[in-house]
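Shown next: target-v5.cif, given as mmCIF, C-alpha atoms and all ligand atoms.
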```cif
data_coords
#
loop_
_atom_site.label_atom_id
_atom_site.label_comp_id
_atom_site.auth_asym_id
_atom_site.auth_seq_id
_atom_site.Cartn_x
_atom_site.Cartn_y
_atom_site.Cartn_z
CA MET A 25 -54.98 -66.06 -56.26
CA ILE A 26 -57.96 -68.36 -55.79
CA VAL A 27 -56.74 -71.96 -55.58
CA CYS A 28 -60.04 -73.60 -54.64
CA SER A 29 -62.99 -72.35 -56.62
CA CYS A 30 -65.52 -74.53 -54.76
CA ASN A 31 -64.66 -72.97 -51.39
CA VAL A 32 -63.17 -69.70 -52.72
CA LEU A 33 -59.86 -70.25 -50.94
CA SER A 34 -56.82 -68.18 -51.85
CA ASP A 35 -53.21 -69.30 -51.74
CA GLY A 36 -52.67 -66.69 -49.01
CA ALA A 37 -55.45 -68.19 -46.87
CA VAL A 38 -53.87 -71.62 -47.21
CA ARG A 39 -50.44 -70.28 -46.25
CA ASP A 40 -51.90 -68.31 -43.33
CA CYS A 41 -53.37 -71.43 -41.74
CA LEU A 42 -49.97 -73.17 -41.78
CA ASN A 43 -47.80 -72.76 -38.72
CA GLY A 44 -44.84 -74.63 -37.37
CA GLY A 45 -46.59 -76.01 -34.32
CA PRO A 46 -47.99 -79.46 -33.66
CA ALA A 47 -51.47 -78.30 -34.72
CA CYS A 48 -50.23 -77.37 -38.20
CA PRO A 49 -52.37 -78.99 -40.92
CA ARG A 50 -50.48 -81.87 -42.55
CA THR A 51 -52.97 -82.81 -45.27
CA PRO A 52 -55.20 -80.85 -47.66
CA ALA A 53 -58.23 -82.19 -45.75
CA GLN A 54 -56.83 -80.65 -42.56
CA VAL A 55 -56.33 -77.34 -44.40
CA TYR A 56 -59.99 -77.35 -45.47
CA ALA A 57 -61.05 -78.07 -41.89
CA CYS A 58 -58.75 -75.35 -40.54
CA LEU A 59 -60.41 -72.88 -42.94
CA GLY A 60 -63.91 -73.99 -41.95
CA CYS A 61 -64.86 -75.86 -45.10
CA SER A 62 -64.55 -79.28 -46.68
CA PRO A 63 -63.36 -80.60 -50.04
CA LYS A 64 -65.97 -80.66 -52.78
CA CYS A 65 -64.61 -81.66 -56.21
CA GLY A 66 -60.99 -82.17 -55.04
CA ARG A 67 -59.37 -80.52 -58.06
CA CYS A 68 -57.44 -78.16 -55.80
CA ALA A 69 -55.89 -80.83 -53.53
CA ARG A 70 -52.69 -81.07 -55.57
CA THR A 71 -52.25 -77.28 -55.54
CA ILE A 72 -52.93 -77.05 -51.82
CA ARG A 73 -50.43 -79.85 -51.21
CA ALA A 74 -47.80 -77.94 -53.26
CA ILE A 75 -48.46 -74.73 -51.30
CA MET A 76 -48.08 -76.68 -48.05
CA ARG A 77 -44.84 -78.32 -49.20
CA ASN A 78 -43.32 -74.99 -50.29
CA ALA A 79 -44.39 -73.15 -47.15
CA LEU A 80 -43.24 -75.82 -44.73
CA GLU A 81 -39.93 -76.42 -46.52
CA GLY A 82 -39.32 -72.67 -46.58
CA ALA A 83 -39.99 -72.43 -42.85
CA ALA A 84 -37.59 -75.31 -42.21
CA LEU A 85 -34.88 -73.60 -44.27
CA ASP A 86 -35.41 -70.33 -42.44
CA ALA A 87 -35.03 -72.06 -39.11
CA ALA A 88 -31.94 -74.01 -40.23
CA HIS A 89 -30.13 -70.96 -41.56
CA GLY A 90 -31.33 -68.30 -39.15
CA GLY A 91 -32.30 -66.06 -42.02
CA SER A 92 -34.61 -65.92 -44.97
CA HIS A 93 -34.49 -67.71 -48.30
CA ALA A 94 -36.19 -65.51 -50.85
CA CYS A 95 -36.89 -68.04 -53.61
CA ASN A 96 -38.39 -70.58 -51.17
CA THR A 97 -37.48 -73.58 -53.29
CA GLY A 98 -35.61 -75.75 -50.83
CA CYS A 99 -32.23 -75.44 -52.56
CA ALA A 100 -30.43 -73.68 -49.65
CA SER A 101 -26.73 -74.60 -49.79
CA GLY A 102 -26.62 -75.20 -53.55
CA CYS A 103 -28.65 -72.13 -54.45
CA SER A 104 -26.83 -70.12 -57.11
CA LEU A 105 -28.84 -67.05 -56.17
CA GLY A 106 -27.26 -66.95 -52.69
CA LYS A 107 -30.48 -65.78 -51.08
CA VAL A 108 -29.72 -67.12 -47.62
CA GLN A 109 -28.73 -64.27 -45.34
CA THR A 110 -28.35 -64.38 -41.59
CA ALA A 111 -29.39 -61.56 -39.30
CA GLY A 112 -25.72 -60.61 -38.70
CA GLU A 113 -24.84 -60.24 -42.36
CA GLY A 114 -25.02 -56.94 -44.17
CA ILE A 115 -25.79 -56.33 -47.80
CA ALA A 116 -22.68 -56.84 -49.93
CA ALA A 117 -21.77 -54.00 -52.30
S1 LIG B 1 -61.68 -76.62 -56.32
FE1 LIG B 1 -61.30 -77.06 -54.25
S2 LIG B 1 -62.78 -78.59 -53.74
FE2 LIG B 1 -63.25 -78.03 -55.79
#
```
Please render this file's structure as structure tokens.
Amino acid sequence: MIVCSCNVLSDGAVRDCLNGGPACPRTPAQVYACLGCSPKCGRCARTIRAIMRNALEGAALDAAHGGSHACNTGCASGCSLGKVQTAGEGIAA
């Protein structure tokens, strides 16, 4: 889905430029720079910030639990969907 119509940036492109390292973009402006463009109208900044928050919180949960959290909402231990699964766990019948 296109999240920035001025620069034709997709949500996937934004997520792809995020990584867990020290060079990871921490602001929407850094995301634009990472993707080789700059903000124009700024209408997408809030959406880009939300994508960043969700992606980085999801990565933190994955690291903390050693598995994946399918809904990616940051609710880990209280999640009623029980989507956290470690590598050693099988699928319950
Ligand atoms: S929609 Fe992204 S800068 Fe205008």
Could you name the residues that touch segment 51-56 of chain A at 8 Å or less, counting only C-alpha atoms, but leaving out those on the same chain fewer than 6 positions away, as a compact mmCIF listing (two decimals) with C-alpha atoms, in the coordinates of the input?
```txt
# COMPACT_ATOMS: atom_id res chain seq x y z
CA VAL A 38 -53.87 -71.62 -47.21
CA CYS A 41 -53.37 -71.43 -41.74
CA SER A 62 -64.55 -79.28 -46.68
CA PRO A 63 -63.36 -80.60 -50.04
CA ALA A 69 -55.89 -80.83 -53.53
CA ILE A 72 -52.93 -77.05 -51.82
CA ARG A 73 -50.43 -79.85 -51.21
```
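Using all atoms listed in the file, the smallest distance between any of A:Cys68, A:Ala57, A:Ile26, A:Leu42 and ligand LIG 1 (chain B) comes from A:Cys68.
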Exercise for the section: Step by step, measure atom-to-atom distances between ligand LIG 1 (chain B) and each residue using all atoms listed in the file, keep those at most 8 Å, then write them as a ChimeraX atom specification. Expected result: /A:27-33,62-69
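Between atom CA of Leu85 of chain A and atom CA of Leu59 of chain A the interatomic distance comes to 25.6 Å.
One finds atom CA of Ala47 of chain A at 20.6 Å from atom CA of Ser34 of chain A.
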Q: Around the point (-48.8, -74.9, -41.8) in the file's coordinates, collect all residues with an atom within 7 Å, using only C-alpha atoms, and return them as a VMD selection string.
A: chain A and resid 39 41 to 44 48 to 49 76 80
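From atom CA of Ala37 of chain A back to atom CA of Cys61 of chain A, the distance works out to 12.3 Å.
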